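J.: Supplied structure: model16.txt, compact mmCIF, C-alpha atoms.
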```txt
# COMPACT_ATOMS: atom_id res chain seq x y z
CA PHE A 124 236.61 144.93 150.02
CA PHE A 125 234.72 141.69 149.42
CA LEU A 126 234.00 142.69 145.81
CA TYR A 127 237.70 143.48 145.32
CA ASN A 128 238.63 140.03 146.66
CA ARG A 129 236.11 138.35 144.37
CA VAL A 130 237.54 140.18 141.35
CA LEU A 131 241.07 139.14 142.37
CA SER A 132 239.90 135.54 142.81
CA LYS A 133 238.34 135.47 139.34
CA MET A 134 241.48 136.97 137.81
CA ALA A 135 243.67 134.38 139.57
CA ALA A 136 241.41 131.56 138.35
CA ALA A 137 241.62 132.82 134.77
CA GLU A 138 245.42 133.17 134.99
CA SER A 139 245.70 129.64 136.42
CA ALA A 140 243.56 128.16 133.66
CA LEU A 141 245.70 129.83 130.98
CA LEU A 142 248.95 128.72 132.63
CA TRP A 143 247.64 125.16 132.97
CA GLN A 144 246.86 125.04 129.26
CA ARG A 145 250.35 126.29 128.44
CA LEU A 146 251.91 123.64 130.67
CA ILE A 147 249.95 120.66 129.37
CA THR A 148 250.63 121.67 125.76
CA ALA A 149 254.25 122.80 126.26
CA LYS A 150 256.73 121.58 123.66
CA PRO A 151 259.39 120.32 123.86
CA PHE A 152 258.98 120.52 127.69
CA PHE A 153 258.36 123.04 130.46
CA LEU A 154 260.90 124.06 133.08
CA PHE A 155 260.87 125.15 136.73
CA CYS A 156 264.07 127.16 137.12
CA GLY A 157 265.61 129.47 139.70
CA PRO A 158 267.70 129.53 142.88
CA ASN A 159 267.18 127.11 145.74
CA VAL A 160 266.23 129.90 148.15
CA LEU A 161 265.67 133.64 147.88
CA GLN A 162 268.82 135.58 148.74
CA GLY A 163 267.50 139.11 148.33
CA ARG A 164 265.59 141.17 145.77
CA GLU A 165 268.50 142.13 143.50
CA HIS A 166 269.85 138.59 143.33
CA ALA A 167 266.43 137.21 142.38
CA LEU A 168 265.84 139.89 139.76
CA ARG A 169 269.25 139.31 138.15
CA LEU A 170 268.67 135.58 137.87
CA ALA A 171 265.07 135.96 136.71
CA ASP A 172 266.06 138.45 134.01
CA ARG A 173 268.65 136.03 132.59
CA ILE A 174 266.21 133.12 132.77
CA ALA A 175 263.53 135.19 131.00
CA HIS A 176 265.89 136.05 128.15
CA ILE A 177 266.80 132.38 127.68
CA LYS A 178 263.13 131.39 127.84
CA HIS A 179 262.25 133.73 124.97
CA ALA A 180 265.32 132.75 122.92
CA ARG A 181 264.57 129.03 123.36
CA ASN A 182 260.76 129.38 123.21
CA ILE A 183 260.40 127.17 126.31
CA GLU A 184 257.69 127.57 128.95
CA VAL A 185 259.53 128.54 132.15
CA ILE A 186 258.29 129.11 135.71
CA PHE A 187 260.67 130.94 138.05
CA LYS A 188 261.17 128.97 141.28
CA ALA A 189 262.56 129.97 144.66
CA SER A 190 261.77 129.18 148.28
CA TYR A 191 261.03 131.90 150.82
CA ASP A 192 261.56 129.49 153.72
CA LYS A 193 263.54 126.25 153.80
CA ALA A 194 261.52 124.87 156.69
CA ASN A 195 262.84 121.29 156.67
CA ARG A 196 266.58 121.83 157.09
CA THR A 197 268.48 119.21 159.07
CA SER A 198 270.12 121.71 161.45
CA LEU A 199 268.50 124.59 163.34
CA GLY A 200 271.26 126.99 162.26
CA SER A 201 270.90 126.30 158.51
CA PHE A 202 269.98 129.23 156.26
CA ARG A 203 266.22 129.31 155.72
CA GLY A 204 265.56 132.40 153.61
CA PRO A 205 263.78 135.72 154.12
CA GLY A 206 260.45 134.34 155.32
CA MET A 207 257.02 134.49 153.71
CA GLU A 208 256.24 138.21 153.83
CA GLU A 209 259.53 139.46 152.39
CA GLY A 210 259.81 136.46 150.08
CA LEU A 211 256.42 137.07 148.47
CA THR A 212 257.35 140.72 147.95
CA ILE A 213 260.46 139.58 146.06
CA LEU A 214 258.55 137.02 144.00
CA GLU A 215 255.94 139.64 143.09
CA ALA A 216 258.73 141.95 141.91
CA VAL A 217 260.10 139.12 139.75
CA LYS A 218 256.68 138.62 138.12
CA LYS A 219 256.28 142.32 137.38
CA ALA A 220 259.82 142.78 136.05
CA THR A 221 260.04 139.68 133.85
CA GLY A 222 256.51 138.42 133.20
CA LEU A 223 257.57 134.96 134.39
CA PRO A 224 255.07 132.90 136.38
CA VAL A 225 256.46 131.99 139.82
CA ILE A 226 256.34 128.97 142.13
CA SER A 227 257.21 128.51 145.78
CA ASP A 228 256.65 125.78 148.34
CA ILE A 229 254.30 125.91 151.31
CA HIS A 230 254.72 124.03 154.58
CA GLU A 231 251.71 125.21 156.58
CA THR A 232 248.01 125.24 155.70
CA HIS A 233 247.67 128.92 156.64
CA HIS A 234 250.36 129.86 154.09
CA ALA A 235 248.35 128.66 151.09
CA LYS A 236 245.99 131.61 150.65
CA ALA A 237 248.68 134.27 151.06
CA VAL A 238 251.14 132.53 148.76
CA ALA A 239 248.45 132.01 146.11
CA GLN A 240 247.95 135.80 145.96
CA VAL A 241 251.41 135.99 144.33
CA CYS A 242 252.50 132.54 143.15
CA ASP A 243 251.03 130.95 140.04
CA VAL A 244 252.02 127.46 141.20
CA LEU A 245 252.01 126.15 144.78
CA GLN A 246 254.51 123.41 145.56
CA ILE A 247 253.97 120.67 148.13
CA PRO A 248 257.32 119.50 149.57
CA ALA A 249 258.27 115.84 149.26
CA PHE A 250 258.15 115.16 153.01
CA LEU A 251 254.58 116.54 153.10
CA CYS A 252 253.19 114.93 149.95
CA ARG A 253 250.52 112.96 151.85
CA GLN A 254 249.45 115.71 154.27
CA THR A 255 245.73 115.89 153.55
CA ASP A 256 245.08 119.28 155.17
CA LEU A 257 247.99 120.87 153.31
CA LEU A 258 246.88 119.39 149.98
CA ALA A 259 243.31 120.56 150.62
CA ALA A 260 244.43 124.10 151.51
CA ALA A 261 246.55 124.28 148.36
CA ALA A 262 243.73 122.89 146.21
CA ALA A 263 241.29 125.49 147.54
CA THR A 264 243.41 128.30 146.06
CA ASN A 265 242.59 127.01 142.56
CA ARG A 266 246.22 127.54 141.58
CA VAL A 267 248.29 124.92 139.75
CA ILE A 268 249.62 122.46 142.36
CA HIS A 269 253.05 120.82 142.02
CA ILE A 270 253.44 117.83 144.36
CA LYS A 271 256.95 116.55 145.00
CA LYS A 272 257.11 112.77 145.43
CA GLY A 273 258.20 111.67 148.87
CA GLN A 274 261.43 109.73 148.98
CA PHE A 275 259.37 106.92 150.49
CA ALA A 276 256.41 107.06 148.08
CA SER A 277 255.40 104.85 145.17
CA ALA A 278 253.72 105.98 141.97
CA ASP A 279 250.37 104.76 143.27
CA VAL A 280 250.77 106.74 146.50
CA MET A 281 251.40 109.88 144.44
CA ALA A 282 248.34 109.22 142.29
CA ARG A 283 246.29 109.18 145.49
CA ALA A 284 247.90 112.41 146.71
CA ALA A 285 246.88 114.03 143.44
CA GLU A 286 243.39 112.60 143.82
CA LYS A 287 242.97 114.45 147.11
CA VAL A 288 243.55 117.74 145.28
CA LYS A 289 241.23 116.76 142.43
CA GLN A 290 238.46 115.76 144.84
CA MET A 291 238.61 119.33 146.15
CA GLY A 292 237.66 120.48 142.65
CA ASN A 293 241.14 121.44 141.45
CA HIS A 294 242.35 119.28 138.54
CA LYS A 295 245.47 121.37 137.79
CA VAL A 296 248.02 119.01 139.35
CA LEU A 297 251.61 118.15 138.45
CA LEU A 298 253.59 115.28 139.99
CA CYS A 299 257.35 115.48 140.48
CA GLU A 300 259.84 112.63 140.87
CA ARG A 301 262.88 113.50 143.01
CA GLY A 302 264.37 110.13 143.88
CA ASN A 303 263.85 107.30 146.35
CA SER A 304 265.76 106.78 149.59
CA PHE A 305 268.71 104.47 149.00
CA GLY A 306 270.13 103.67 152.41
CA TYR A 307 270.37 106.42 155.02
CA SER A 308 271.93 109.33 153.11
CA ASP A 309 271.49 108.80 149.41
CA LEU A 310 268.82 108.85 146.72
CA ILE A 311 268.36 106.92 143.50
CA VAL A 312 265.97 107.58 140.62
CA ASP A 313 263.88 104.65 139.44
CA TYR A 314 263.01 105.88 135.94
CA ARG A 315 260.13 103.40 135.76
CA ASN A 316 258.33 105.70 138.20
CA LEU A 317 258.13 108.42 135.54
CA ILE A 318 256.00 106.13 133.40
CA TRP A 319 254.07 104.60 136.28
CA MET A 320 253.14 108.02 137.71
CA LYS A 321 251.85 109.18 134.34
CA GLU A 322 249.86 105.98 133.86
CA SER A 323 248.36 105.86 137.35
CA SER A 324 247.54 109.56 137.66
CA LYS A 325 246.91 110.61 134.03
CA LEU A 326 248.74 113.84 134.95
CA PRO A 327 251.88 115.63 133.72
CA VAL A 328 255.08 114.40 135.36
CA VAL A 329 258.27 116.32 136.18
CA LEU A 330 261.77 115.18 137.16
CA ASP A 331 263.67 117.29 139.70
CA VAL A 332 267.16 116.93 138.25
CA THR A 333 268.61 118.90 141.16
CA HIS A 334 267.35 117.12 144.27
CA CYS A 335 267.36 113.61 142.80
CA LEU A 336 271.15 113.88 143.14
CA GLN A 337 270.97 114.97 146.77
CA GLN A 338 272.67 113.03 149.55
CA PRO A 339 270.45 114.07 152.46
CA SER A 340 272.21 115.11 155.66
CA ALA A 341 275.39 113.38 154.50
CA ARG A 342 277.99 116.13 154.94
CA PRO A 343 279.16 117.42 158.35
CA THR A 344 280.32 121.04 158.49
CA GLU A 345 283.20 122.47 160.53
CA SER A 346 280.68 123.72 163.09
CA GLY A 347 279.35 120.19 163.56
CA GLU A 348 276.08 120.65 161.69
CA LEU A 349 274.82 118.20 159.05
CA VAL A 350 273.98 119.46 155.56
CA SER A 351 273.07 117.74 152.31
CA GLY A 352 275.73 116.84 149.80
CA ALA A 353 275.49 115.99 146.12
CA ALA A 354 276.22 112.69 144.43
CA ASP A 355 277.77 114.52 141.48
CA PRO A 356 276.31 117.71 139.93
CA ARG A 357 277.97 116.72 136.63
CA LEU A 358 275.16 114.15 136.35
CA ILE A 359 272.49 116.86 136.03
CA PRO A 360 272.57 116.97 132.19
CA ALA A 361 272.37 113.17 131.92
CA MET A 362 269.51 112.93 134.43
CA GLY A 363 267.53 115.41 132.34
CA CYS A 364 268.34 113.62 129.08
CA ALA A 365 267.22 110.27 130.48
CA ALA A 366 263.97 111.73 131.83
CA LEU A 367 263.12 113.45 128.55
CA ALA A 368 263.90 110.25 126.67
CA MET A 369 261.38 108.56 128.98
CA GLY A 370 258.77 111.13 127.99
CA VAL A 371 258.47 113.45 131.01
CA ASP A 372 256.53 116.67 130.51
CA GLY A 373 258.79 118.98 132.50
CA LEU A 374 262.04 119.38 134.41
CA PHE A 375 262.89 121.13 137.67
CA LEU A 376 266.35 122.72 137.84
CA GLU A 377 267.98 125.00 140.39
CA VAL A 378 270.51 127.56 139.14
CA ASP A 379 272.68 130.28 140.61
CA GLU A 380 275.34 132.74 139.53
CA ASP A 381 278.02 130.97 141.58
CA PRO A 382 276.68 127.72 143.07
CA SER A 383 279.76 127.39 145.29
CA GLN A 384 278.63 130.50 147.17
CA ALA A 385 274.94 129.56 147.48
CA PRO A 386 273.75 129.39 151.11
CA CYS A 387 271.69 126.25 150.51
CA ASP A 388 272.34 123.12 148.39
CA GLY A 389 275.03 124.90 146.38
CA LYS A 390 276.60 121.62 145.30
CA LEU A 391 273.33 120.68 143.58
CA GLN A 392 272.81 123.84 141.53
CA TRP A 393 273.68 124.50 137.90
CA PRO A 394 275.64 127.63 136.87
CA ILE A 395 273.33 130.15 135.18
CA ASP A 396 276.10 130.84 132.63
CA LYS A 397 275.68 127.28 131.33
CA LEU A 398 271.89 127.17 131.31
CA ASP A 399 271.39 127.96 127.63
CA SER A 400 273.72 125.21 126.40
CA LEU A 401 272.09 122.73 128.77
CA LEU A 402 268.61 123.58 127.43
CA HIS A 403 269.92 123.14 123.88
CA SER A 404 270.98 119.56 124.66
CA TRP A 405 267.76 118.77 126.47
CA THR A 406 265.66 120.17 123.62
CA LEU A 407 267.35 117.86 121.12
CA ILE A 408 266.54 114.81 123.27
CA ALA A 409 262.94 115.90 123.92
CA GLU A 410 262.24 116.58 120.25
CA ALA A 411 263.72 113.22 119.21
CA ARG A 412 261.51 111.41 121.74
CA GLN A 413 258.40 113.28 120.59
CA GLN A 414 259.11 112.34 116.99
CA ALA A 415 259.26 108.68 118.08
CA ASP A 416 255.88 108.76 119.86
CA PRO A 417 253.82 106.73 120.20
CA LEU A 418 256.22 104.02 121.21
CA PRO A 419 255.33 100.46 120.18
CA GLU A 420 253.71 98.20 122.78
CA PRO A 421 254.30 94.44 123.26
```
Can you present the structure in this file as structure tokens?

T.:
Amino acid sequence: FFLYNRVLSKMAAAESALLWQRLITAKPFFLFCGPNVLQGREHALRLADRIAHIKHARNIEVIFKASYDKANRTSLGSFRGPGMEEGLTILEAVKKATGLPVISDIHETHHAKAVAQVCDVLQIPAFLCRQTDLLAAAAATNRVIHIKKGQFASADVMARAAEKVKQMGNHKVLLCERGNSFGYSDLIVDYRNLIWMKESSKLPVVLDVTHCLQQPSARPTESGELVSGAADPRLIPAMGCAALAMGVDGLFLEVDEDPSQAPCDGKLQWPIDKLDSLLHSWTLIAEARQQADPLPEP
């Protein structure tokens, strides 16, 4: 049993090292893409299959993303997903069926080891980006770690969050901008942070083009609960273009077959039918920026 676990650990470390190399060398950019939350095996497999076909047609490095538990919803009755055990079974099926690496977020330290048995990338939620024990547990898996920037955090704070993971011996860290609090129920992206995070951390930087348009807990439902709204999902293409023009390494985008029917953050998701055309536009911007590098300095 112990020998079997050691073999699995070595295989996971080798897989993580290869994925990390693909991410840091990805051109024109890499992409986290998938539904906000798992809605069943067949739904996940349908979406993943379409994403995999687009990935190969576009020759873009793509990691399939989906949450098994939305643990930080505003209301107790909000849809949370299938839970860790069933969710990991679904994500494992996605990996086997499509060959796509997968990412999911963890909220508890004791989730890290189990999730790392399936997921190639572990995500630290924005609200938990400074939680030392959670960062340490994620780092110990030796998987790639994707840290979402807290809505309250500066670039320097995020560099220090990344440093916690690196001090645990894991240097495979990505930092993700997802907007700063702007009043009580809105977010705004300060694009300077994309540059400052890269400079202060020396790590790849991602923009979450989905949640940076979120209006947290801004929309009351008929039942009296509060859910998040969206500033305007039509801004998703422009947010990605601006980030790529600023030189980000990757983008984070949630998609669904019919976003209006999604149980969570539907107003923030992009229709899967329009994913290929969106990636075409983003690729043009990313390639133009890369041809202009290095930019002149004063």

J.: Distance cut-off 10 Å, centre (263.7, 115.6, 137.0) in file coordinates, counting only C-alpha atoms: which residues qualify? Return them as a PyMOL selection string.

T.: chain A and resi 154-155+299-302+312+314+317+328-336+359+362-367+371-376

J.: Which one is closest to A:Met291: A:Leu402, A:Ala411, A:Ala263, A:Val238? Count only C-alpha atoms.

T.: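 Using only C-alpha atoms, A:Met291 sits closest to A:Ala263.
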
J.: Between atom CA of A:Met207 and atom CA of A:Thr232, measure the distance and give it in Å to one decimal.

T.: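 So the two atoms, atom CA of A:Met207 and atom CA of A:Thr232, lie 13.1 Å apart.
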
J.: Kindly give the distance, in Å, that separates atom CA of A:Pro360 and atom CA of A:Ser324, rounded to a single decimal.

T.: 26.7 Å

J.: Let me make sure I understand: among A:Arg181, A:Arg253, A:Lys287, A:Arg203, which one has the smallest atom-to-atom distance to A:Gly273 if we use all atoms listed in the file?

T.: A:Arg253

J.: Between atom CA of A:Val288 and atom CA of A:Leu326, what distance in Å does the model show, to one decimal?

T.: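 Here the two named atoms are 12.2 Å from each other.
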
J.: Please write as a ChimeraX atom specification the list of polymer residues whose atoms come within 9 Å of (267.7, 128.7, 146.0), counting only C-alpha atoms and keeping to the coordinates of the file.

T.: /A:157-162,188-191,204,377-379,385-389,392

J.: Select, from A:Leu358, A:Leu401, A:Met369, A:Val296, the residue with the minimum atom-to-atom distance to A:Asn316, counting only C-alpha atoms.

T.: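 Between A:Leu358, A:Leu401, A:Met369, A:Val296, the residue approaching A:Asn316 most closely is A:Met369.
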
J.: Mind checking which residues fall within 7 Å of A:Thr264, counting all atoms listed in the file, ignoring those fewer than 2 positions away in the same chain, and posting them as a list in words?

T.: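 Everything that qualifies: Lys236, Ala239, Ala260, Ala261, Ala262 and Arg266 of chain A.
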
J.: Tell me, as a list in words, which residues lie within 6 Å of stretch 241-245 of chain A, counting all atoms listed in the file; anything in the same chain fewer than 3 positions away does not count.

T.: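 Contacts, in chain order: Glu215, Pro224, Val225, Ile226, Ser227, Asp228, Val238, Arg266, Val267 and Ile268 of chain A.
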